[in-house]
Amino acid sequence: MRPHYLLSSTLTLLAACQSHGGSPDQPVALMNSTQRGPAAPRAKVIPHELAIHGDVRIDDYFWMNQRESPEVIAHLEAENAYMRAMTAHTEQLQKTLFDEIKGRIKQDDESVPYSYDGYYYYRRYEDGQDYAIHCRKRGTLDAPEEILLDVNEIASGQPYCAVRSREVSTNSNLLVYAVDNVGRRFYALHIKDLYTGQTLEEVIPDTTGNVAWANDNTTFLYAKQDPETLRSYQIWRHTIGTDPATDALIFEEKDDTFSCYVDKTKSKRFLIISSDQTLSSEARYLDANTPLGEFRVFAPRARDHEYEVDHFGDHFYVRTNDGARNFRLMRTSVDKTQRSAWEEVVEHRDDVFLEDFEILAGHLVVDERKDGLTQLRYRAWSESSWRTIGFKEPAYVLSLTQNVNFDTGQLRYAYSSMRTPNSVYEYDLESGEARLLKRDEVLGTFDRNDYVTERLLATARDGTRVPISLVYRKGLELDGSNPLLLYAYGSYGSSSEAYFSSSRISLLDRGFVTATAHVRGGSEMGRAWYEGGKLLEKKNTFTDFIDCAEHLVATGYTAPDRLYGYGGSAGGLLIGAVANMRADLFDGLIAAVPFVDVVTTMLDDTIPLTTSEYDEWGNPNEEEYYRYMLSYSPYDQVAAQPYPNLLVTTGLHDSQVQYFEPAKWVAKLRALKTDEKRLVIKIDMKAGHGGASGRDHRIKDTAFNYAFLIDLARKATE
């Protein structure tokens, strides 16, 4: 996730900011006086001016947004060459780390099967293969395996491959799946006949990959995005056997601050089109047995009202923030959807955030967050008292998973902590007994009891208590001598979880502490936590991170000369802001696909996500927001000062944070920073926002990042 930019008709964009008449010279390798070793590429300065709110802003590197320009590509290639030269001494370490990380992964692993419509569905990996194989068995787990989709075959010969939306028709005969071979999240829909094993000739290009089947088994709905802004804004209908060019447009979201998608209720009775914006949502519903009918609005959109809908029996169930900042659960008759008819099922509480709910024939289950930790509560429909599923570790991550059937008294959930691998449980709602179905196997000598996980509370400068989850190897002396990697995200209300990572063991076993700061901007502590880290409160996200880092130093977990930070996308904005604000507090920072050019991006409504995110970052066409954004935007705040060692990553085809944001940021840092520390940018010329596809490629990226950190930590102790 991340933001983007709009220019209103009342503002003047100077002619120089339009397509510039000149073009940059091909970058030449000039020696940067602030860099040791091989010469760093120095981007040629071509000033562009933007007049807004009485300011004239000069952007010397605006030309880098010309994705197809040979000069831009040459500059990016020069950056990659410099990155390889500057990290060549870590190549053996990278290989060692790759072998370690891959060696912990069970190469022929398999997910826990789940039963749905007479089949058991699961996915598995084969040794030596990068991608999953999706399978099913009919009736029993002893039945012959049917391969639905071998992603390794689809990815063969492709530089990149992402597959999503593996949707099976109601009669289990047809499969729709979506493929992206570029990384820009434009998916082509393919249809496979699961009886014959043949893929049909009809292909639907340029979709979001979002699909929902109607109950006639010949019709499905899908979403398309605006080709310029990438906003998901249209829902189309396709009938099997017809030319996709004749597909019908059935809904278009006209408000450019909203995006739309299509889904199906768990009951299979209704198709739902949802339109969402940061502060508002609206649902439309249609009987899934009559896909040619007209959708009806469930409850008209209203500012500051968010809701989502599911169906069970004679009622719709609605998770809503109507009169409930932390959300509550309501229900209403299927023929009376107006808000005045809603009745409360789960009340609002000031200290508990209702994140999700699960409906079973005999029970209602709610997924809630209290004091920063997720808990599951449930009750029988015939009872009023609730029971809680408890967990003992001080920090963990918990989620409902694969509860696809109503008629069961068994609840599935996934649990992990920073020392406990992902574990899938089946919980008997009558007896209260939990059965472990599978815990991810970590090969080698790993023993979870060799590690300690903790949850701390740091006091922010305004007195707010900010949680920190961390893990380290047992026996580590907390005397300030340990390298520590601190992660945070802090945007969109997305909570950062204390999850397990087998790759992280390579850091822990080398004496690192790894920690997650649950900073404001997420929803860890409820809706107020999110609202306290957005818009004109956004700087709380950055100062919380800094205050958490200072707490970890003060309590002996690390020291500034061996403290490292990591964040990606909007978390990369956090890293960029912290680099400007407290460079002295960190030895090194990694900014992955970072959203760092906040003002320019949020002023350009042709860039993906901009208009839909005014309520996250603010609209810079309004002077108050413009001034505030400008005061923290990492690109705009680069100064002639020392900076930590910096590793920046991006992808040429990134659709969320355009590659030119981090490329411009690095160029400006090189021109202004006054230190001799490392500054490298790693540009994947074949990937997008999610990085490389394929298991081995992702491991290589992780090994590269870890090698950067370990190498710095070693130098800090020399």
# chains A, B, ... in the order shown; residues from 1 in each chain; ligands from 1
>>> select_by_dssp(residues="stretch 318-516 of chain A", states="helix (DSSP H, G or I)", output="PyMOL selection string")
chain A and resi 339-341+448-450+505-508
>>> write_last_selection(atoms="N, CA and C atoms", output="PDB file, in the first residue's frame")
ATOM      1  N   ARG A 339     -30.577   1.034   7.374  1.00  0.00           N
ATOM      2  CA  ARG A 339     -29.879   1.099   8.661  1.00  0.00           C
ATOM      3  C   ARG A 339     -30.849   1.143   9.844  1.00  0.00           C
ATOM      4  N   SER A 340     -32.020   1.694   9.655  1.00  0.00           N
ATOM      5  CA  SER A 340     -32.982   1.787  10.759  1.00  0.00           C
ATOM      6  C   SER A 340     -33.471   0.414  11.209  1.00  0.00           C
ATOM      7  N   ALA A 341     -33.276  -0.622  10.362  1.00  0.00           N
ATOM      8  CA  ALA A 341     -33.758  -1.962  10.705  1.00  0.00           C
ATOM      9  C   ALA A 341     -32.667  -2.826  11.342  1.00  0.00           C
ATOM     10  N   ARG A 448      12.381 -24.054  19.148  1.00  0.00           N
ATOM     11  CA  ARG A 448      11.741 -22.814  19.572  1.00  0.00           C
ATOM     12  C   ARG A 448      12.107 -22.428  21.006  1.00  0.00           C
ATOM     13  N   ASN A 449      12.471 -23.402  21.808  1.00  0.00           N
ATOM     14  CA  ASN A 449      12.829 -23.126  23.198  1.00  0.00           C
ATOM     15  C   ASN A 449      14.196 -22.475  23.345  1.00  0.00           C
ATOM     16  N   ASP A 450      14.928 -22.369  22.247  1.00  0.00           N
ATOM     17  CA  ASP A 450      16.228 -21.687  22.272  1.00  0.00           C
ATOM     18  C   ASP A 450      16.081 -20.174  22.129  1.00  0.00           C
ATOM     19  N   ILE A 505      15.970 -16.491  11.656  1.00  0.00           N
ATOM     20  CA  ILE A 505      16.896 -17.250  12.500  1.00  0.00           C
ATOM     21  C   ILE A 505      18.350 -16.948  12.130  1.00  0.00           C
ATOM     22  N   SER A 506      18.607 -16.648  10.858  1.00  0.00           N
ATOM     23  CA  SER A 506      19.970 -16.332  10.425  1.00  0.00           C
ATOM     24  C   SER A 506      20.488 -15.071  11.093  1.00  0.00           C
ATOM     25  N   LEU A 507      19.594 -14.166  11.454  1.00  0.00           N
ATOM     26  CA  LEU A 507      20.002 -12.991  12.222  1.00  0.00           C
ATOM     27  C   LEU A 507      20.115 -13.321  13.707  1.00  0.00           C
ATOM     28  N   LEU A 508      19.118 -14.024  14.243  1.00  0.00           N
ATOM     29  CA  LEU A 508      19.110 -14.327  15.674  1.00  0.00           C
ATOM     30  C   LEU A 508      20.331 -15.143  16.073  1.00  0.00           C
TER      31      LEU A 508
END
>>> residues_around(residues="A:Val578", least_positions_apart="5", cutoff="12 Å", atoms="only C-alpha atoms", output="ChimeraX atom specification")
/A:488,539-547,549,564-567,571-573,583-586,588-591,596,632-635,637-638,643-644,646
>>> write_last_selection(atoms="C-alpha atoms", output="mmCIF file, in the first residue's frame")
data_model
loop_
_atom_site.group_PDB
_atom_site.id
_atom_site.type_symbol
_atom_site.label_atom_id
_atom_site.label_comp_id
_atom_site.auth_asym_id
_atom_site.auth_seq_id
_atom_site.Cartn_x
_atom_site.Cartn_y
_atom_site.Cartn_z
ATOM 1 C CA ALA A 488 7.467 -0.938 11.635
ATOM 2 C CA LYS A 539 4.349 12.441 12.434
ATOM 3 C CA ASN A 540 3.339 10.345 15.447
ATOM 4 C CA THR A 541 4.197 7.294 13.339
ATOM 5 C CA PHE A 542 7.778 8.506 12.918
ATOM 6 C CA THR A 543 8.316 9.804 16.448
ATOM 7 C CA ASP A 544 6.845 6.590 17.904
ATOM 8 C CA PHE A 545 9.465 4.614 15.960
ATOM 9 C CA ILE A 546 12.234 6.896 17.193
ATOM 10 C CA ASP A 547 10.982 6.695 20.782
ATOM 11 C CA ALA A 549 14.383 2.837 19.263
ATOM 12 C CA TYR A 564 19.123 -0.919 12.239
ATOM 13 C CA GLY A 565 15.693 -0.096 10.863
ATOM 14 C CA TYR A 566 13.534 -1.654 8.158
ATOM 15 C CA GLY A 567 10.242 -0.672 6.546
ATOM 16 C CA GLY A 571 6.810 1.730 6.041
ATOM 17 C CA GLY A 572 9.530 2.956 3.690
ATOM 18 C CA LEU A 573 8.095 6.451 4.165
ATOM 19 C CA ALA A 583 20.217 9.864 11.483
ATOM 20 C CA ASP A 584 22.409 9.680 14.591
ATOM 21 C CA LEU A 585 20.253 6.967 16.164
ATOM 22 C CA PHE A 586 20.869 4.268 13.515
ATOM 23 C CA GLY A 588 21.871 1.457 8.942
ATOM 24 C CA LEU A 589 18.398 1.541 7.396
ATOM 25 C CA ILE A 590 16.647 -0.510 4.712
ATOM 26 C CA ALA A 591 13.819 1.214 2.818
ATOM 27 C CA VAL A 596 9.226 8.940 -0.141
ATOM 28 C CA TYR A 632 7.909 15.324 6.718
ATOM 29 C CA SER A 633 8.157 14.175 3.068
ATOM 30 C CA PRO A 634 11.521 12.334 2.986
ATOM 31 C CA TYR A 635 12.434 13.513 -0.516
ATOM 32 C CA GLN A 637 13.413 17.070 3.625
ATOM 33 C CA VAL A 638 16.745 15.665 2.430
ATOM 34 C CA TYR A 643 22.901 9.870 7.080
ATOM 35 C CA PRO A 644 23.015 6.232 8.205
ATOM 36 C CA LEU A 646 21.188 3.078 3.436
#
>>> residues_around(residues="stretch 380-391 of chain A", least_positions_apart="4", cutoff="7 Å", atoms="only C-alpha atoms", output="list of chain:residue names")
A:Gly362, A:His363, A:Leu364, A:Gln375, A:Leu376
>>> residues_around(residues="A:Tyr659", least_positions_apart="3", cutoff="12 Å", atoms="only C-alpha atoms", output="mmCIF file with N, CA and C atoms, in the first residue's frame")
data_model
loop_
_atom_site.group_PDB
_atom_site.id
_atom_site.type_symbol
_atom_site.label_atom_id
_atom_site.label_comp_id
_atom_site.auth_asym_id
_atom_site.auth_seq_id
_atom_site.Cartn_x
_atom_site.Cartn_y
_atom_site.Cartn_z
ATOM 1 N N MET A 64 13.030 11.566 -14.031
ATOM 2 C CA MET A 64 13.172 10.121 -13.833
ATOM 3 C C MET A 64 11.856 9.369 -13.966
ATOM 4 N N ASN A 65 10.726 10.089 -14.049
ATOM 5 C CA ASN A 65 9.445 9.390 -14.194
ATOM 6 C C ASN A 65 9.173 8.914 -15.616
ATOM 7 N N GLN A 66 10.098 9.145 -16.535
ATOM 8 C CA GLN A 66 9.929 8.715 -17.930
ATOM 9 C C GLN A 66 10.362 7.251 -18.059
ATOM 10 N N ARG A 67 9.440 6.369 -17.745
ATOM 11 C CA ARG A 67 9.735 4.942 -17.639
ATOM 12 C C ARG A 67 10.351 4.346 -18.905
ATOM 13 N N VAL A 72 16.716 7.118 -18.796
ATOM 14 C CA VAL A 72 16.292 6.697 -17.459
ATOM 15 C C VAL A 72 16.711 5.254 -17.202
ATOM 16 N N ILE A 73 16.462 4.379 -18.172
ATOM 17 C CA ILE A 73 16.848 2.976 -18.017
ATOM 18 C C ILE A 73 18.353 2.865 -17.816
ATOM 19 N N LEU A 76 19.169 3.736 -14.245
ATOM 20 C CA LEU A 76 18.816 2.663 -13.323
ATOM 21 C C LEU A 76 19.814 1.516 -13.417
ATOM 22 N N ARG A 184 2.976 -5.620 -12.534
ATOM 23 C CA ARG A 184 2.256 -4.363 -12.383
ATOM 24 C C ARG A 184 0.803 -4.584 -11.982
ATOM 25 N N SER A 569 7.270 0.134 1.611
ATOM 26 C CA SER A 569 6.123 0.834 1.065
ATOM 27 C C SER A 569 5.810 2.047 1.947
ATOM 28 N N ALA A 592 12.410 -0.438 1.733
ATOM 29 C CA ALA A 592 11.947 -1.286 0.634
ATOM 30 C C ALA A 592 10.773 -0.621 -0.067
ATOM 31 N N VAL A 593 10.835 -0.542 -1.379
ATOM 32 C CA VAL A 593 9.815 0.098 -2.215
ATOM 33 C C VAL A 593 9.211 1.308 -1.506
ATOM 34 N N PRO A 594 10.025 2.271 -1.105
ATOM 35 C CA PRO A 594 9.570 3.317 -0.179
ATOM 36 C C PRO A 594 8.788 4.436 -0.848
ATOM 37 N N PHE A 595 7.711 4.830 -0.206
ATOM 38 C CA PHE A 595 6.898 5.979 -0.601
ATOM 39 C C PHE A 595 7.533 7.219 0.013
ATOM 40 N N VAL A 596 8.417 7.874 -0.720
ATOM 41 C CA VAL A 596 9.226 8.940 -0.141
ATOM 42 C C VAL A 596 8.981 10.312 -0.756
ATOM 43 N N ASP A 597 8.325 10.363 -1.921
ATOM 44 C CA ASP A 597 8.087 11.651 -2.583
ATOM 45 C C ASP A 597 6.631 12.042 -2.372
ATOM 46 N N THR A 601 3.820 13.120 -5.360
ATOM 47 C CA THR A 601 2.941 11.999 -5.670
ATOM 48 C C THR A 601 1.489 12.319 -5.351
ATOM 49 N N ILE A 607 -1.394 9.180 -11.002
ATOM 50 C CA ILE A 607 -0.604 8.097 -10.416
ATOM 51 C C ILE A 607 -1.543 7.202 -9.610
ATOM 52 N N VAL A 648 18.272 0.810 -0.379
ATOM 53 C CA VAL A 648 16.941 1.121 -0.910
ATOM 54 C C VAL A 648 16.622 0.089 -1.981
ATOM 55 N N THR A 649 15.397 -0.426 -2.001
ATOM 56 C CA THR A 649 15.002 -1.389 -3.031
ATOM 57 C C THR A 649 13.750 -0.904 -3.744
ATOM 58 N N THR A 650 13.624 -1.285 -5.013
ATOM 59 C CA THR A 650 12.437 -0.934 -5.798
ATOM 60 C C THR A 650 12.312 -1.899 -6.972
ATOM 61 N N GLY A 651 11.195 -1.803 -7.691
ATOM 62 C CA GLY A 651 10.972 -2.601 -8.893
ATOM 63 C C GLY A 651 10.506 -1.691 -10.017
ATOM 64 N N LEU A 652 11.049 -1.897 -11.196
ATOM 65 C CA LEU A 652 10.717 -1.040 -12.329
ATOM 66 C C LEU A 652 9.221 -1.018 -12.611
ATOM 67 N N HIS A 653 8.530 -2.132 -12.376
ATOM 68 C CA HIS A 653 7.111 -2.242 -12.735
ATOM 69 C C HIS A 653 6.190 -2.039 -11.535
ATOM 70 N N ASP A 654 6.705 -1.461 -10.478
ATOM 71 C CA ASP A 654 5.902 -1.247 -9.278
ATOM 72 C C ASP A 654 4.689 -0.379 -9.593
ATOM 73 N N SER A 655 3.499 -0.879 -9.256
ATOM 74 C CA SER A 655 2.270 -0.125 -9.507
ATOM 75 C C SER A 655 1.795 0.630 -8.276
ATOM 76 N N GLN A 656 2.391 0.367 -7.133
ATOM 77 C CA GLN A 656 1.962 1.004 -5.894
ATOM 78 C C GLN A 656 2.840 2.212 -5.559
ATOM 79 N N PRO A 662 11.900 6.186 -5.150
ATOM 80 C CA PRO A 662 13.179 5.870 -4.517
ATOM 81 C C PRO A 662 14.385 6.258 -5.359
ATOM 82 N N ALA A 663 14.279 6.195 -6.695
ATOM 83 C CA ALA A 663 15.416 6.567 -7.546
ATOM 84 C C ALA A 663 15.746 8.048 -7.388
ATOM 85 N N LYS A 664 14.718 8.896 -7.355
ATOM 86 C CA LYS A 664 14.933 10.327 -7.139
ATOM 87 C C LYS A 664 15.510 10.599 -5.749
ATOM 88 N N TRP A 665 14.979 9.911 -4.773
ATOM 89 C CA TRP A 665 15.423 10.096 -3.394
ATOM 90 C C TRP A 665 16.912 9.792 -3.247
ATOM 91 N N VAL A 666 17.339 8.671 -3.825
ATOM 92 C CA VAL A 666 18.745 8.288 -3.752
ATOM 93 C C VAL A 666 19.621 9.322 -4.457
ATOM 94 N N ILE A 681 21.062 1.498 -4.108
ATOM 95 C CA ILE A 681 19.688 1.169 -4.471
ATOM 96 C C ILE A 681 19.709 -0.071 -5.355
ATOM 97 N N LYS A 682 18.874 -1.029 -5.022
ATOM 98 C CA LYS A 682 18.766 -2.292 -5.757
ATOM 99 C C LYS A 682 17.440 -2.273 -6.511
ATOM 100 N N ILE A 683 17.519 -2.255 -7.830
ATOM 101 C CA ILE A 683 16.334 -2.108 -8.682
ATOM 102 C C ILE A 683 16.076 -3.412 -9.421
ATOM 103 N N ASP A 684 14.959 -4.045 -9.124
ATOM 104 C CA ASP A 684 14.579 -5.254 -9.857
ATOM 105 C C ASP A 684 13.915 -4.814 -11.152
ATOM 106 N N MET A 685 14.572 -5.039 -12.255
ATOM 107 C CA MET A 685 14.080 -4.562 -13.548
ATOM 108 C C MET A 685 12.960 -5.449 -14.099
ATOM 109 N N LYS A 686 12.604 -6.524 -13.361
ATOM 110 C CA LYS A 686 11.595 -7.456 -13.865
ATOM 111 C C LYS A 686 10.454 -7.674 -12.873
ATOM 112 N N ALA A 687 10.347 -6.812 -11.865
ATOM 113 C CA ALA A 687 9.343 -7.057 -10.826
ATOM 114 C C ALA A 687 8.617 -5.776 -10.463
ATOM 115 N N GLY A 688 7.602 -5.929 -9.602
ATOM 116 C CA GLY A 688 6.810 -4.799 -9.155
ATOM 117 C C GLY A 688 6.885 -4.634 -7.655
ATOM 118 N N HIS A 689 5.762 -4.212 -7.062
ATOM 119 C CA HIS A 689 5.741 -3.821 -5.654
ATOM 120 C C HIS A 689 6.063 -4.979 -4.718
ATOM 121 N N GLY A 691 8.074 -7.399 -5.207
ATOM 122 C CA GLY A 691 9.399 -7.971 -5.401
ATOM 123 C C GLY A 691 9.356 -9.158 -6.343
#
>>> select_by_dssp(residues="stretch 361-556 of chain A", states="strand (DSSP E)", output="PyMOL selection string")
chain A and resi 363-370+373-380+387-389+397-400+410-416+423-428+434-439+451-459+465-473+484-487+513-517
>>> write_last_selection(atoms="C-alpha atoms", output="PDB file, in the first residue's frame")
ATOM      1  CA  HIS A 363     -21.913 -20.577  16.937  1.00  0.00           C
ATOM      2  CA  LEU A 364     -20.844 -17.003  16.387  1.00  0.00           C
ATOM      3  CA  VAL A 365     -17.107 -16.292  16.586  1.00  0.00           C
ATOM      4  CA  VAL A 366     -15.520 -12.838  16.763  1.00  0.00           C
ATOM      5  CA  ASP A 367     -11.904 -11.914  16.116  1.00  0.00           C
ATOM      6  CA  GLU A 368     -11.006  -8.982  18.381  1.00  0.00           C
ATOM      7  CA  ARG A 369      -7.944  -6.991  19.348  1.00  0.00           C
ATOM      8  CA  LYS A 370      -7.496  -5.974  22.973  1.00  0.00           C
ATOM      9  CA  LEU A 373      -3.229  -8.617  20.995  1.00  0.00           C
ATOM     10  CA  THR A 374      -5.798 -10.620  19.041  1.00  0.00           C
ATOM     11  CA  GLN A 375      -8.242 -12.883  20.853  1.00  0.00           C
ATOM     12  CA  LEU A 376     -11.079 -15.149  19.722  1.00  0.00           C
ATOM     13  CA  ARG A 377     -14.423 -15.107  21.549  1.00  0.00           C
ATOM     14  CA  TYR A 378     -17.377 -17.336  20.750  1.00  0.00           C
ATOM     15  CA  ARG A 379     -20.830 -18.254  21.923  1.00  0.00           C
ATOM     16  CA  ALA A 380     -23.592 -20.610  20.884  1.00  0.00           C
ATOM     17  CA  ARG A 387     -16.048 -17.956  25.974  1.00  0.00           C
ATOM     18  CA  THR A 388     -12.503 -16.935  25.023  1.00  0.00           C
ATOM     19  CA  ILE A 389      -9.778 -18.945  23.335  1.00  0.00           C
ATOM     20  CA  VAL A 397      -0.329 -13.416  15.747  1.00  0.00           C
ATOM     21  CA  LEU A 398      -3.696 -15.121  15.414  1.00  0.00           C
ATOM     22  CA  SER A 399      -6.188 -15.368  12.557  1.00  0.00           C
ATOM     23  CA  LEU A 400      -9.295 -17.286  11.547  1.00  0.00           C
ATOM     24  CA  GLN A 410     -14.926 -27.151  14.623  1.00  0.00           C
ATOM     25  CA  LEU A 411     -13.195 -23.798  14.283  1.00  0.00           C
ATOM     26  CA  ARG A 412      -9.914 -23.436  12.445  1.00  0.00           C
ATOM     27  CA  TYR A 413      -7.379 -20.787  13.278  1.00  0.00           C
ATOM     28  CA  ALA A 414      -3.700 -20.111  12.605  1.00  0.00           C
ATOM     29  CA  TYR A 415      -1.331 -19.138  15.390  1.00  0.00           C
ATOM     30  CA  SER A 416       2.326 -18.172  15.516  1.00  0.00           C
ATOM     31  CA  SER A 423       0.496 -23.555  13.501  1.00  0.00           C
ATOM     32  CA  VAL A 424      -2.971 -24.530  12.267  1.00  0.00           C
ATOM     33  CA  TYR A 425      -5.395 -25.620  14.987  1.00  0.00           C
ATOM     34  CA  GLU A 426      -8.872 -27.115  14.967  1.00  0.00           C
ATOM     35  CA  TYR A 427     -10.847 -26.074  18.024  1.00  0.00           C
ATOM     36  CA  ASP A 428     -13.901 -27.943  19.269  1.00  0.00           C
ATOM     37  CA  ALA A 434      -7.718 -27.477  20.541  1.00  0.00           C
ATOM     38  CA  ARG A 435      -6.067 -29.975  18.206  1.00  0.00           C
ATOM     39  CA  LEU A 436      -2.850 -29.067  16.392  1.00  0.00           C
ATOM     40  CA  LEU A 437      -3.286 -30.058  12.743  1.00  0.00           C
ATOM     41  CA  LYS A 438       0.083 -28.847  11.540  1.00  0.00           C
ATOM     42  CA  ARG A 439       3.012 -26.729  12.639  1.00  0.00           C
ATOM     43  CA  TYR A 451      14.620 -18.282  21.732  1.00  0.00           C
ATOM     44  CA  VAL A 452      12.931 -15.708  23.943  1.00  0.00           C
ATOM     45  CA  THR A 453      10.064 -13.490  22.837  1.00  0.00           C
ATOM     46  CA  GLU A 454       9.006 -10.421  24.805  1.00  0.00           C
ATOM     47  CA  ARG A 455       6.541  -7.571  24.669  1.00  0.00           C
ATOM     48  CA  LEU A 456       7.698  -4.181  25.923  1.00  0.00           C
ATOM     49  CA  LEU A 457       5.985  -0.826  26.289  1.00  0.00           C
ATOM     50  CA  ALA A 458       7.930   2.279  25.295  1.00  0.00           C
ATOM     51  CA  THR A 459       6.775   5.707  26.398  1.00  0.00           C
ATOM     52  CA  ARG A 465       2.604   3.760  25.589  1.00  0.00           C
ATOM     53  CA  VAL A 466       3.755   2.036  22.372  1.00  0.00           C
ATOM     54  CA  PRO A 467       4.074  -1.789  22.281  1.00  0.00           C
ATOM     55  CA  ILE A 468       7.225  -3.474  20.995  1.00  0.00           C
ATOM     56  CA  SER A 469       7.389  -7.204  20.185  1.00  0.00           C
ATOM     57  CA  LEU A 470      10.842  -8.748  20.021  1.00  0.00           C
ATOM     58  CA  VAL A 471      12.774 -11.995  19.908  1.00  0.00           C
ATOM     59  CA  TYR A 472      16.368 -13.007  20.551  1.00  0.00           C
ATOM     60  CA  ARG A 473      18.380 -16.117  21.249  1.00  0.00           C
ATOM     61  CA  LEU A 484      19.095  -4.989  16.647  1.00  0.00           C
ATOM     62  CA  LEU A 485      16.771  -4.761  13.639  1.00  0.00           C
ATOM     63  CA  LEU A 486      13.632  -2.697  14.313  1.00  0.00           C
ATOM     64  CA  TYR A 487      10.674  -2.972  11.915  1.00  0.00           C
ATOM     65  CA  VAL A 513      17.673  -8.965  18.355  1.00  0.00           C
ATOM     66  CA  THR A 514      14.731  -8.425  15.983  1.00  0.00           C
ATOM     67  CA  ALA A 515      11.831  -6.226  17.040  1.00  0.00           C
ATOM     68  CA  THR A 516       8.563  -4.810  15.722  1.00  0.00           C
ATOM     69  CA  ALA A 517       7.390  -1.391  16.889  1.00  0.00           C
TER      70      ALA A 517
END
>>> residues_around(residues="A:Asn619", least_positions_apart="5", cutoff="8 Å", atoms="only C-alpha atoms", output="MDAnalysis selection string")
chainID A and resid 6 602:603 614 625:626
>>> write_last_selection(atoms="N, CA and C atoms", output="PDB file, in the first residue's frame")
ATOM      1  N   LEU A   6      -2.497  14.688  -6.640  1.00  0.00           N
ATOM      2  CA  LEU A   6      -3.547  15.364  -7.414  1.00  0.00           C
ATOM      3  C   LEU A   6      -3.254  16.838  -7.636  1.00  0.00           C
ATOM      4  N   MET A 602       1.239  12.903  -4.201  1.00  0.00           N
ATOM      5  CA  MET A 602      -0.135  13.194  -3.822  1.00  0.00           C
ATOM      6  C   MET A 602      -0.724  14.374  -4.587  1.00  0.00           C
ATOM      7  N   LEU A 603       0.091  15.058  -5.367  1.00  0.00           N
ATOM      8  CA  LEU A 603      -0.411  16.123  -6.241  1.00  0.00           C
ATOM      9  C   LEU A 603      -0.713  15.637  -7.651  1.00  0.00           C
ATOM     10  N   TYR A 614      -6.648  10.496  -0.113  1.00  0.00           N
ATOM     11  CA  TYR A 614      -6.667  11.823   0.505  1.00  0.00           C
ATOM     12  C   TYR A 614      -7.006  11.740   1.988  1.00  0.00           C
ATOM     13  N   TYR A 625      -2.773  20.792   4.559  1.00  0.00           N
ATOM     14  CA  TYR A 625      -2.207  19.464   4.343  1.00  0.00           C
ATOM     15  C   TYR A 625      -0.909  19.544   3.547  1.00  0.00           C
ATOM     16  N   TYR A 626      -0.874  20.425   2.586  1.00  0.00           N
ATOM     17  CA  TYR A 626       0.350  20.610   1.800  1.00  0.00           C
ATOM     18  C   TYR A 626       1.521  20.954   2.712  1.00  0.00           C
TER      19      TYR A 626
END
>>> residues_around(residues="A:Ser165", least_positions_apart="2", cutoff="10 Å", atoms="only C-alpha atoms", output="list in words")
Val163, Glu167, Val168, Leu175, Val176, Tyr177, Ala178, Val179, Tyr187, Leu189, Thr208, Gly209, Asn210, Val211 and Ala212 of chain A
>>> write_last_selection(atoms="N, CA and C atoms", output="compact mmCIF listing (two decimals), in the first residue's frame")
# COMPACT_ATOMS: atom_id res chain seq x y z
N VAL A 163 0.11 -15.58 -9.57
CA VAL A 163 -1.20 -16.19 -9.83
C VAL A 163 -2.08 -15.94 -8.62
N GLU A 167 -10.62 -19.45 -8.34
CA GLU A 167 -12.03 -19.57 -7.94
C GLU A 167 -12.69 -20.72 -8.69
N VAL A 168 -13.25 -21.66 -7.94
CA VAL A 168 -13.91 -22.83 -8.51
C VAL A 168 -15.41 -22.57 -8.59
N LEU A 175 -12.58 -23.74 -13.19
CA LEU A 175 -11.67 -22.93 -12.39
C LEU A 175 -11.31 -21.67 -13.15
N VAL A 176 -11.45 -20.52 -12.49
CA VAL A 176 -10.94 -19.27 -13.05
C VAL A 176 -9.70 -18.88 -12.25
N TYR A 177 -8.63 -18.57 -12.94
CA TYR A 177 -7.42 -18.11 -12.25
C TYR A 177 -6.83 -16.93 -13.01
N ALA A 178 -6.07 -16.11 -12.29
CA ALA A 178 -5.56 -14.84 -12.83
C ALA A 178 -4.03 -14.86 -12.82
N VAL A 179 -3.43 -14.39 -13.93
CA VAL A 179 -1.97 -14.45 -14.10
C VAL A 179 -1.42 -13.08 -14.46
N TYR A 187 -3.91 -8.50 -14.39
CA TYR A 187 -4.03 -9.95 -14.48
C TYR A 187 -4.91 -10.36 -15.67
N LEU A 189 -7.35 -13.27 -16.99
CA LEU A 189 -8.16 -14.36 -16.45
C LEU A 189 -8.18 -15.53 -17.43
N THR A 208 -8.15 -6.92 -12.43
CA THR A 208 -7.48 -6.86 -11.13
C THR A 208 -7.20 -8.25 -10.58
N GLY A 209 -7.83 -9.27 -11.19
CA GLY A 209 -7.74 -10.63 -10.67
C GLY A 209 -8.86 -10.99 -9.73
N ASN A 210 -9.72 -10.03 -9.39
CA ASN A 210 -10.84 -10.24 -8.47
C ASN A 210 -12.00 -10.89 -9.23
N VAL A 211 -12.49 -12.06 -8.75
CA VAL A 211 -13.49 -12.85 -9.46
C VAL A 211 -14.50 -13.42 -8.45
N ALA A 212 -15.77 -13.54 -8.88
CA ALA A 212 -16.79 -14.24 -8.08
C ALA A 212 -17.75 -14.95 -9.03
>>> atom_distance(atom1="atom CA of A:Lys534", atom2="atom CA of A:Arg303")
17.2 Å
>>> closest_residue(among="A:Leu93, A:Val262, A:Ala51, A:Ala288", to="A:Asn705", atoms="only C-alpha atoms")
A:Leu93
